[in-house]
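Okay, query_20.cif now, which holds mmCIF, C-alpha atoms (C1' of nucleotides):
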data_data
#
loop_
_atom_site.label_atom_id
_atom_site.label_comp_id
_atom_site.auth_asym_id
_atom_site.auth_seq_id
_atom_site.Cartn_x
_atom_site.Cartn_y
_atom_site.Cartn_z
CA MET M 1 6.86 28.06 16.42
CA ALA M 2 4.66 28.79 19.30
CA ASN M 3 6.19 27.20 22.30
CA LYS M 4 3.23 25.21 23.45
CA LYS M 5 3.89 22.78 26.15
CA THR M 6 3.57 19.26 24.90
CA ARG M 7 0.62 17.27 26.12
CA TRP M 8 2.07 13.85 26.50
CA LEU M 9 -0.01 10.71 26.33
CA ASN M 10 -1.19 9.19 29.56
CA THR M 11 -0.40 5.60 30.32
CA GLY M 12 -3.56 4.15 28.87
CA GLN M 13 -3.28 6.12 25.70
CA GLN M 14 0.32 5.18 25.39
CA ARG M 15 -0.46 1.53 25.77
CA ALA M 16 -3.25 1.67 23.26
CA TRP M 17 -1.04 3.44 20.76
CA ARG M 18 1.79 0.99 21.11
CA ALA M 19 -0.43 -2.04 20.96
CA TYR M 20 -1.96 -0.68 17.81
CA MET M 21 1.38 0.08 16.29
CA LEU M 22 2.79 -3.33 17.01
CA GLY M 23 -0.32 -5.27 16.12
CA THR M 24 -0.67 -3.45 12.86
CA THR M 25 2.90 -4.07 11.86
CA GLN M 26 2.54 -7.74 12.55
CA LEU M 27 -0.81 -8.02 10.90
CA MET M 28 0.20 -6.38 7.64
CA ALA M 29 3.40 -8.36 7.52
CA GLN M 30 1.58 -11.61 8.05
CA LEU M 31 -1.13 -10.94 5.49
CA ASP M 32 1.52 -10.00 3.01
CA ARG M 33 3.53 -13.10 3.72
CA ASP M 34 0.53 -15.39 3.33
CA LEU M 35 -0.39 -13.86 0.03
CA ASN M 36 3.15 -13.94 -1.23
CA ALA M 37 3.85 -17.46 -0.18
CA GLU M 38 0.70 -18.93 -1.62
CA HIS M 39 -0.09 -16.74 -4.57
CA GLY M 40 2.91 -14.59 -5.38
CA LEU M 41 1.03 -11.38 -4.67
CA SER M 42 1.95 -8.54 -2.38
CA LEU M 43 -0.76 -6.97 -0.30
CA PRO M 44 -0.79 -3.78 -2.38
CA GLU M 45 -1.07 -5.81 -5.55
CA TYR M 46 -3.92 -7.73 -4.09
CA GLU M 47 -5.68 -4.52 -3.16
CA ILE M 48 -5.36 -3.31 -6.70
CA LEU M 49 -6.97 -6.47 -8.00
CA VAL M 50 -9.81 -6.05 -5.55
CA ARG M 51 -10.49 -2.46 -6.53
CA LEU M 52 -10.49 -3.28 -10.19
CA SER M 53 -12.69 -6.30 -9.71
CA GLU M 54 -15.29 -4.13 -8.03
CA ALA M 55 -15.21 -1.39 -10.63
CA PRO M 56 -17.72 -1.24 -13.44
CA GLU M 57 -16.27 -3.00 -16.46
CA LEU M 58 -13.32 -4.11 -14.39
CA ARG M 59 -11.50 -0.92 -15.15
CA MET M 60 -10.46 2.28 -13.42
CA ARG M 61 -8.58 5.43 -14.17
CA MET M 62 -5.10 5.44 -12.74
CA ALA M 63 -5.67 8.48 -10.59
CA GLU M 64 -8.88 7.15 -9.17
CA LEU M 65 -7.23 3.88 -8.36
CA ALA M 66 -4.27 5.60 -6.77
CA ASP M 67 -6.50 7.75 -4.61
CA SER M 68 -8.63 4.87 -3.50
CA LEU M 69 -5.52 3.08 -2.29
CA ASN M 70 -3.84 6.16 -0.95
CA HIS M 71 -0.85 5.55 -3.12
CA SER M 72 1.09 8.15 -5.00
CA ARG M 73 0.57 8.17 -8.72
CA SER M 74 4.15 7.32 -9.23
CA ARG M 75 3.88 4.34 -7.01
CA LEU M 76 0.81 3.14 -8.81
CA THR M 77 2.44 3.53 -12.19
CA HIS M 78 5.34 1.38 -11.10
CA THR M 79 3.19 -1.26 -9.48
CA VAL M 80 0.79 -1.49 -12.37
CA ALA M 81 3.69 -1.72 -14.78
CA ARG M 82 4.92 -4.77 -12.92
CA MET M 83 1.48 -6.27 -12.78
CA GLU M 84 1.07 -5.69 -16.47
CA ILE M 85 4.20 -7.67 -17.15
CA ALA M 86 2.79 -10.39 -14.93
CA GLY M 87 -0.33 -10.36 -17.09
CA LEU M 88 -2.75 -9.40 -14.33
CA VAL M 89 -3.79 -6.05 -15.75
CA THR M 90 -3.49 -4.08 -18.94
CA ARG M 91 -3.48 -0.38 -19.63
CA GLU M 92 -5.33 1.40 -22.32
CA SER M 93 -5.54 5.06 -22.95
CA CYS M 94 -8.80 6.78 -22.29
CA GLY M 95 -10.82 8.08 -25.19
CA THR M 96 -12.51 11.04 -23.62
CA ASP M 97 -9.47 12.48 -21.85
CA ARG M 98 -6.35 11.84 -23.77
CA ARG M 99 -4.15 12.36 -20.78
CA GLY M 100 -5.93 9.56 -19.05
CA VAL M 101 -5.22 5.86 -18.79
CA TYR M 102 -7.45 3.01 -17.76
CA ALA M 103 -6.17 0.02 -15.89
CA PHE M 104 -8.08 -3.12 -16.82
CA LEU M 105 -8.29 -6.37 -14.99
CA THR M 106 -7.42 -9.26 -17.30
CA GLU M 107 -8.88 -12.74 -17.25
CA ALA M 108 -5.74 -13.93 -15.56
CA GLY M 109 -6.14 -11.16 -13.02
CA VAL M 110 -9.68 -12.23 -12.25
CA GLN M 111 -8.51 -15.76 -11.83
CA ARG M 112 -5.60 -14.89 -9.63
CA LEU M 113 -7.81 -12.82 -7.41
CA ALA M 114 -10.32 -15.64 -7.15
CA ASP M 115 -7.54 -17.95 -6.08
CA ALA M 116 -6.04 -15.58 -3.58
CA ALA M 117 -9.15 -14.14 -1.99
CA PRO M 118 -9.93 -17.11 0.26
CA VAL M 119 -6.45 -17.03 1.67
CA HIS M 120 -6.64 -13.35 2.31
CA VAL M 121 -10.06 -13.48 3.90
CA ALA M 122 -9.06 -16.39 6.07
CA GLY M 123 -6.16 -14.34 7.31
CA VAL M 124 -8.23 -11.29 8.04
CA ARG M 125 -10.60 -13.48 9.95
CA ARG M 126 -8.11 -15.42 11.87
CA TYR M 127 -5.78 -12.58 12.76
CA LEU M 128 -8.24 -9.76 13.15
CA VAL M 129 -11.96 -10.48 13.12
CA ASP M 130 -11.92 -13.64 15.16
CA ALA M 131 -9.25 -12.34 17.48
CA MET M 132 -11.50 -9.74 19.03
CA SER M 133 -15.06 -9.22 20.15
CA ALA M 134 -17.63 -8.00 17.65
CA GLU M 135 -17.95 -4.80 19.65
CA ASP M 136 -14.27 -4.10 19.52
CA LEU M 137 -14.20 -4.71 15.82
CA GLU M 138 -16.98 -2.22 15.40
CA ALA M 139 -15.10 0.24 17.53
CA VAL M 140 -12.04 -0.25 15.35
CA GLY M 141 -14.14 0.52 12.33
CA ARG M 142 -15.52 3.68 13.88
CA ALA M 143 -12.12 4.71 15.15
CA PHE M 144 -10.35 4.52 11.83
CA THR M 145 -13.18 6.02 9.97
CA ALA M 146 -12.61 8.99 12.23
CA VAL M 147 -8.88 8.91 11.61
CA ALA M 148 -9.43 8.83 7.89
CA GLU M 149 -11.78 11.72 8.25
CA VAL M 150 -9.28 13.83 10.13
CA LEU M 151 -6.54 13.08 7.66
CA GLY M 152 -8.60 12.08 4.74
CA ASP M 153 -9.29 14.08 1.73
CA GLY M 154 -9.60 16.78 4.29
CA LYS M 155 -6.00 17.29 3.18
CA ALA M 156 -4.10 17.37 6.39
CA TRP M 157 -1.58 20.13 6.31
CA PRO M 158 1.83 19.60 7.91
CA LEU M 159 1.73 19.87 11.62
CA GLY M 160 3.75 23.01 11.94
CA GLU M 161 2.00 25.24 9.51
CA GLU M 162 -0.56 27.88 10.05
CA HIS M 163 -2.83 27.04 7.19
CA PRO M 164 -2.86 25.40 3.84
CA ARG M 165 -3.81 27.82 1.23
CA HIS M 166 -1.44 27.39 -1.60
CA LYS M 167 0.23 24.27 -0.51
CA THR M 168 2.59 23.09 -3.18
CA ALA M 169 2.87 19.64 -1.83
CA GLN M 170 0.84 16.63 -2.52
CA ARG M 171 -2.51 15.90 -1.20
CA MET S 1 -5.85 -28.80 0.59
CA ALA S 2 -9.17 -29.48 2.16
CA ASN S 3 -11.71 -27.70 0.11
CA LYS S 4 -13.28 -25.68 2.83
CA LYS S 5 -15.83 -23.21 1.78
CA THR S 6 -14.64 -19.71 2.38
CA ARG S 7 -16.39 -17.78 5.08
CA TRP S 8 -16.52 -14.32 3.65
CA LEU S 9 -16.79 -11.23 5.74
CA ASN S 10 -20.19 -9.76 6.32
CA THR S 11 -20.85 -6.16 5.43
CA GLY S 12 -20.05 -4.73 8.81
CA GLN S 13 -16.83 -6.67 9.11
CA GLN S 14 -15.87 -5.68 5.65
CA ARG S 15 -16.46 -2.04 6.37
CA ALA S 16 -14.49 -2.19 9.59
CA TRP S 17 -11.61 -3.89 7.87
CA ARG S 18 -11.45 -1.42 5.06
CA ALA S 19 -11.76 1.58 7.30
CA TYR S 20 -8.95 0.24 9.39
CA MET S 21 -6.80 -0.45 6.38
CA LEU S 22 -7.29 2.96 4.89
CA GLY S 23 -7.03 4.87 8.14
CA THR S 24 -3.86 3.08 9.08
CA THR S 25 -2.22 3.76 5.77
CA GLN S 26 -3.01 7.41 6.03
CA LEU S 27 -2.02 7.67 9.64
CA MET S 28 1.38 6.10 9.24
CA ALA S 29 2.08 8.11 6.14
CA GLN S 30 1.18 11.34 7.86
CA LEU S 31 3.20 10.66 10.99
CA ASP S 32 6.15 9.76 8.86
CA ARG S 33 5.79 12.89 6.76
CA ASP S 34 5.57 15.14 9.81
CA LEU S 35 8.67 13.65 11.32
CA ASN S 36 10.57 13.79 8.10
CA ALA S 37 9.64 17.31 7.24
CA GLU S 38 10.43 18.76 10.62
CA HIS S 39 13.21 16.58 11.92
CA GLY S 40 14.61 14.49 9.13
CA LEU S 41 13.60 11.26 10.78
CA SER S 42 11.58 8.39 9.42
CA LEU S 43 9.04 6.76 11.68
CA PRO S 44 11.12 3.60 12.06
CA GLU S 45 14.15 5.67 12.97
CA TYR S 46 12.14 7.54 15.50
CA GLU S 47 10.95 4.29 17.01
CA ILE S 48 14.51 3.14 17.37
CA LEU S 49 15.43 6.28 19.23
CA VAL S 50 12.47 5.80 21.54
CA ARG S 51 13.36 2.22 22.36
CA LEU S 52 16.94 3.08 23.09
CA SER S 53 16.00 6.06 25.19
CA GLU S 54 13.88 3.84 27.39
CA ALA S 55 16.48 1.15 27.78
CA PRO S 56 18.75 0.99 30.80
CA GLU S 57 21.98 2.81 29.97
CA LEU S 58 20.51 3.92 26.69
CA ARG S 59 21.64 0.77 25.01
CA MET S 60 20.19 -2.44 23.63
CA ARG S 61 21.32 -5.54 21.91
CA MET S 62 20.60 -5.51 18.22
CA ALA S 63 18.41 -8.60 18.32
CA GLU S 64 16.37 -7.32 21.22
CA LEU S 65 15.85 -4.05 19.47
CA ALA S 66 14.90 -5.75 16.24
CA ASP S 67 12.38 -7.95 17.98
CA SER S 68 10.82 -5.10 19.88
CA LEU S 69 10.22 -3.30 16.61
CA ASN S 70 9.27 -6.37 14.66
CA HIS S 71 11.98 -5.70 12.17
CA SER S 72 14.23 -8.25 10.61
CA ARG S 73 17.76 -8.22 11.85
CA SER S 74 18.98 -7.35 8.47
CA ARG S 75 16.71 -4.38 8.30
CA LEU S 76 17.85 -3.20 11.67
CA THR S 77 21.48 -3.53 10.74
CA HIS S 78 20.97 -1.36 7.70
CA THR S 79 18.92 1.23 9.50
CA VAL S 80 21.28 1.46 12.43
CA ALA S 81 24.19 1.75 10.04
CA ARG S 82 22.58 4.81 8.50
CA MET S 83 21.76 6.25 11.87
CA GLU S 84 25.28 5.71 12.98
CA ILE S 85 26.54 7.74 10.07
CA ALA S 86 24.05 10.41 11.05
CA GLY S 87 25.58 10.36 14.52
CA LEU S 88 22.42 9.33 16.34
CA VAL S 89 23.65 6.01 17.62
CA THR S 90 26.87 4.07 17.93
CA ARG S 91 27.58 0.38 18.02
CA GLU S 92 29.87 -1.39 20.35
CA SER S 93 30.50 -5.05 20.66
CA CYS S 94 29.25 -6.80 23.73
CA GLY S 95 31.73 -8.11 26.29
CA THR S 96 29.90 -11.12 27.59
CA ASP S 97 28.75 -12.52 24.27
CA ARG S 98 31.25 -11.84 21.60
CA ARG S 99 28.76 -12.35 18.83
CA GLY S 100 26.67 -9.59 20.27
CA VAL S 101 26.51 -5.90 19.53
CA TYR S 102 25.03 -3.08 21.52
CA ALA S 103 23.41 -0.11 19.93
CA PHE S 104 23.90 3.04 22.01
CA LEU S 105 22.03 6.25 21.88
CA THR S 106 24.42 9.17 21.50
CA GLU S 107 24.03 12.64 22.95
CA ALA S 108 22.98 13.85 19.56
CA GLY S 109 20.45 11.05 19.42
CA VAL S 110 18.99 12.05 22.76
CA GLN S 111 18.74 15.60 21.56
CA ARG S 112 17.15 14.74 18.28
CA LEU S 113 14.59 12.61 20.01
CA ALA S 114 13.80 15.39 22.45
CA ASP S 115 13.25 17.73 19.54
CA ALA S 116 11.12 15.34 17.57
CA ALA S 117 8.99 13.84 20.31
CA PRO S 118 6.59 16.77 20.67
CA VAL S 119 5.85 16.73 16.98
CA HIS S 120 5.26 13.04 17.01
CA VAL S 121 3.04 13.09 20.07
CA ALA S 122 1.05 15.99 18.73
CA GLY S 123 0.41 13.96 15.60
CA VAL S 124 -0.65 10.88 17.48
CA ARG S 125 -3.01 13.01 19.48
CA ARG S 126 -4.45 14.95 16.67
CA TYR S 127 -4.84 12.13 14.19
CA LEU S 128 -5.66 9.29 16.51
CA VAL S 129 -6.34 9.94 20.16
CA ASP S 130 -8.38 13.09 19.78
CA ALA S 131 -10.14 11.81 16.69
CA MET S 132 -12.05 9.16 18.60
CA SER S 133 -13.80 8.58 21.89
CA ALA S 134 -11.82 7.36 24.85
CA GLU S 135 -13.80 4.14 24.78
CA ASP S 136 -12.97 3.47 21.17
CA LEU S 137 -9.33 4.13 21.81
CA GLU S 138 -9.42 1.61 24.60
CA ALA S 139 -11.12 -0.84 22.31
CA VAL S 140 -8.41 -0.31 19.72
CA GLY S 141 -5.83 -1.06 22.36
CA ARG S 142 -7.57 -4.25 23.36
CA ALA S 143 -8.17 -5.25 19.79
CA PHE S 144 -4.58 -5.02 18.67
CA THR S 145 -3.26 -6.55 21.80
CA ALA S 146 -5.35 -9.52 20.78
CA VAL S 147 -4.03 -9.39 17.24
CA ALA S 148 -0.49 -9.30 18.48
CA GLU S 149 -1.24 -12.24 20.69
CA VAL S 150 -2.62 -14.32 17.86
CA LEU S 151 0.32 -13.53 15.66
CA GLY S 152 2.58 -13.26 18.59
CA ASP S 153 6.28 -13.28 18.69
CA GLY S 154 6.28 -16.95 17.89
CA LYS S 155 6.32 -16.99 14.14
CA ALA S 156 2.82 -17.51 12.96
CA TRP S 157 2.66 -20.62 10.85
CA PRO S 158 1.69 -20.34 7.20
CA LEU S 159 -2.01 -20.19 6.65
CA GLY S 160 -2.35 -23.46 4.87
CA GLU S 161 -1.15 -25.67 7.64
CA GLU S 162 -3.28 -27.58 10.01
CA HIS S 163 -1.95 -26.56 13.36
CA PRO S 164 1.19 -26.17 15.36
CA ARG S 165 -0.83 -27.45 18.24
CA HIS S 166 0.91 -25.20 20.69
CA LYS S 167 -0.98 -22.62 18.82
CA THR S 168 -1.64 -20.02 21.40
CA ALA S 169 1.90 -19.09 21.80
CA GLN S 170 5.12 -20.83 21.65
CA ARG S 171 6.43 -17.73 23.23
"C1'" DT G 1 -7.80 33.37 -28.78
"C1'" DC G 2 -4.04 32.88 -26.04
"C1'" DA G 3 -1.33 32.47 -22.00
"C1'" DA G 4 -1.22 30.72 -17.52
"C1'" DC G 5 -2.23 27.12 -14.89
"C1'" DA G 6 -3.92 22.59 -13.32
"C1'" DT G 7 -4.21 17.66 -13.96
"C1'" DC G 8 -2.75 13.00 -15.77
"C1'" DG G 9 0.47 9.83 -15.90
"C1'" DT G 10 5.35 8.47 -16.58
"C1'" DT G 11 10.34 8.35 -15.86
"C1'" DG G 12 14.90 7.75 -13.64
"C1'" DA G 13 17.53 8.44 -9.56
"C1'" DT G 14 17.70 7.57 -4.87
"C1'" DT G 15 16.47 5.48 -0.64
"C1'" DC G 16 14.79 1.90 1.95
"C1'" DA G 17 13.30 -3.02 2.77
"C1'" DT G 18 13.77 -7.86 1.83
"C1'" DC G 19 16.15 -12.05 0.88
"C1'" DA G 20 19.73 -15.44 0.82
"C1'" DA G 21 24.22 -16.29 1.90
"C1'" DC G 22 27.81 -15.86 5.01
"C1'" DT G 23 31.21 -15.50 9.38
"C1'" DA G 24 31.75 -15.84 14.01
"C1'" DT G 25 30.48 -17.33 18.35
"C1'" DT G 26 28.00 -20.01 21.71
"C1'" DC G 27 25.28 -23.93 23.19
"C1'" DC G 28 24.29 -28.71 23.72
"C1'" DG G 29 24.52 -33.65 23.70
"C1'" DA G 30 27.01 -38.00 23.06
"C1'" DT D 1 35.80 -32.68 24.26
"C1'" DC D 2 34.20 -32.87 19.98
"C1'" DG D 3 30.94 -31.90 16.37
"C1'" DG D 4 26.56 -30.36 15.03
"C1'" DA D 5 23.06 -27.08 15.74
"C1'" DA D 6 21.43 -22.73 17.07
"C1'" DT D 7 22.08 -17.71 17.57
"C1'" DA D 8 24.10 -12.88 16.59
"C1'" DG D 9 24.92 -9.87 13.35
"C1'" DT D 10 26.52 -8.37 8.70
"C1'" DT D 11 26.76 -8.17 3.70
"C1'" DG D 12 25.46 -7.52 -1.16
"C1'" DA D 13 22.04 -8.21 -4.58
"C1'" DT D 14 17.48 -7.46 -5.73
"C1'" DG D 15 13.01 -5.34 -5.54
"C1'" DA D 16 9.79 -1.89 -4.14
"C1'" DA D 17 8.59 3.00 -2.57
"C1'" DT D 18 9.67 7.85 -2.78
"C1'" DC D 19 10.97 12.11 -4.89
"C1'" DA D 20 11.70 15.58 -8.29
"C1'" DA D 21 11.35 16.57 -12.87
"C1'" DC D 22 9.03 16.16 -17.07
"C1'" DG D 23 5.81 15.95 -21.47
"C1'" DA D 24 1.33 16.02 -22.75
"C1'" DT D 25 -3.33 17.34 -22.46
"C1'" DG D 26 -7.08 19.87 -20.59
"C1'" DT D 27 -9.23 24.18 -18.32
"C1'" DT D 28 -9.80 28.95 -17.28
"C1'" DG D 29 -10.03 33.73 -17.66
"C1'" DA D 30 -8.42 38.16 -19.69
#
What would you get if you wrote out this structure as structure tokens?
Amino acid sequence: MANKKTRWLNTGQQRAWRAYMLGTTQLMAQLDRDLNAEHGLSLPEYEILVRLSEAPELRMRMAELADSLNHSRSRLTHTVARMEIAGLVTRESCGTDRRGVYAFLTEAGVQRLADAAPVHVAGVRRYLVDAMSAEDLEAVGRAFTAVAEVLGDGKAWPLGEEHPRHKTAQR
Amino acid sequence: MANKKTRWLNTGQQRAWRAYMLGTTQLMAQLDRDLNAEHGLSLPEYEILVRLSEAPELRMRMAELADSLNHSRSRLTHTVARMEIAGLVTRESCGTDRRGVYAFLTEAGVQRLADAAPVHVAGVRRYLVDAMSAEDLEAVGRAFTAVAEVLGDGKAWPLGEEHPRHKTAQR
DNA sequence: TCAACATCGTTGATTCATCAACTATTCCGA
DNA sequence: TCGGAATAGTTGATGAATCAACGATGTTGA
């Protein structure tokens, strides 16, 4: 534990960070509420439908899907199980790798997504896109691309450690 | 239900939105993991400690605290209850309004915050502030200030409705 | 070929968040 | 000053996310 002196945030940085934190919390909560109220979908469920709908043959391997959403595999298993009961997806084991499982989008899933998408997009527009200048939106895109890159698959190691070599933990 | 045609996002908007979504998910998860691993605090708990530490007399009314975090009152009650057991805060009923309750930061709470803050700040720096240009960080601040304003403290109305008229803020 | 190891996905227990219902107090208007 | 409405906070039930452990299959290298 090297005793480095902490470099605190300056006022501007602090304000930016807090605004982001607060705005994000509100935004996600609102998008989730809209979707729930009007279509009985949570935001994560909606995201799953979107990913599947964009995949070739409307299907994806569980792990791939989990990674693309940044969800743990366990979480995805649980969520997909619920969605399967709701009839939005089905699972089918994968021929070429017998450990593997495909999640498929069902007809009902396609339909539900089609119904929900306009609501979701309208929200994203109203709360985010239309709330700021085009330049700021671009900057947000750049900014979080950078964040994702720092954290991203670049496997961030825990802050304290010296280096990840045989990290047991998750990615 | 007026049958408005949906205005989809264009490619750039779409990319910005997704980058933001993904980056945010990763960022929050990582900050939470760091805090948990090194100090046994969740991000929401940490935020509570911060708010209290900045309040006059290290205390705040439950509702005020809940609002400042954008948490439901119920959620705050539960969280504070756990933190009270952990010895980080105490509750004491308020003299002037007998419905009211103050949450106090304890000595142990102050200490825990002091221990955890450097880790948290280092994370915010490394993953966010230092990952992007100063201009983009500013833009992010502006952007989410705007988002928070649109959604504002005054309960955003459900998407379907025509207009609360006092739209901008019923603050 | 076989043993070690890695990956895929699931499971059940636990923890945390959400929701609806509730008590107690205060506020407000007739 | 009374009664209804609004506000403060809590509670318990339910649902979702996390965590550790696991079985099963695939991969690698001695």
* Length of the atom CA of Asp32 of chain S to atom CA of Val110 of chain S vector [Å] -> 19.1 Å
The centre and edge lengths of an axis-aligned box containing all atoms of segment 63-67 of chain M present in the file, extended by 4 Å on each side, are to be given in Å to one decimal, as JSON.
{"center_x": -6.6, "center_y": 6.2, "center_z": -7.6, "size_x": 12.6, "size_y": 12.6, "size_z": 14.0}
* Quick one, how far is atom C1' of DA13 of chain G from atom CA of Ala81 of chain M? -> 17.9 Å
* Tell me the residues of chain S close to chain D, meaning within 12 Å using all atoms listed in the file, as an MDAnalysis selection string. => chainID S and resid 29 33 61:64 66 72:78 80:81 91 93:94 97:103
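Comparing the minimum interatomic distances between chain S and each of M:Arg51, M:Arg82, M:Arg125, M:Arg112, counting only C-alpha atoms, we find that M:Arg125 sits nearest.
What the PyMOL selection byres ((chain G) within 9 of (chain M)) grabs from this file is DT7, DC8, DG9 and DT10 of chain G.
With distances restricted to all atoms listed in the file, S:Tyr20 is the closest residue to chain M from S:Ala37, S:Tyr20, S:Asn10, S:Gln111.
You can rank M:Leu65, M:Leu9, M:Ala16, M:Ala122 by their closest distance to chain S using all atoms listed in the file, and at the top of that list sits M:Ala16.
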Which residues of chain S sit at most 6 Å from chain M, using only C-alpha atoms? Give each one's shortest atom pair and distance in Å (one decimal place), in chain and ascending residue order, as a tab-separated table.
residue	atom	partner	partner_atom	distance
S:Thr6	CA	M:Pro118	CA	5.8
S:Ala16	CA	M:Gly141	CA	3.9
S:Ala19	CA	M:Thr145	CA	5.4
S:Tyr20	CA	M:Phe144	CA	5.1
S:Gly23	CA	M:Ala148	CA	4.6
S:Pro118	CA	M:Thr6	CA	5.8
S:Tyr127	CA	M:Val147	CA	5.8
S:Leu128	CA	M:Val147	CA	5.9
S:Ala131	CA	M:Ala146	CA	5.8
S:Met132	CA	M:Ala143	CA	5.6
S:Asp136	CA	M:Ala139	CA	5.3
S:Ala139	CA	M:Asp136	CA	5.3
S:Val140	CA	M:Val140	CA	5.7
S:Gly141	CA	M:Ala16	CA	3.9
S:Ala143	CA	M:Met132	CA	5.6
S:Phe144	CA	M:Gly23	CA	5.0
S:Thr145	CA	M:Ala19	CA	5.4
S:Ala146	CA	M:Ala131	CA	5.8
S:Val147	CA	M:Gly23	CA	5.7
S:Ala148	CA	M:Gly23	CA	4.7
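One finds atom CA of Leu88 of chain M at 4.0 Å from atom CA of Gly109 of chain M.
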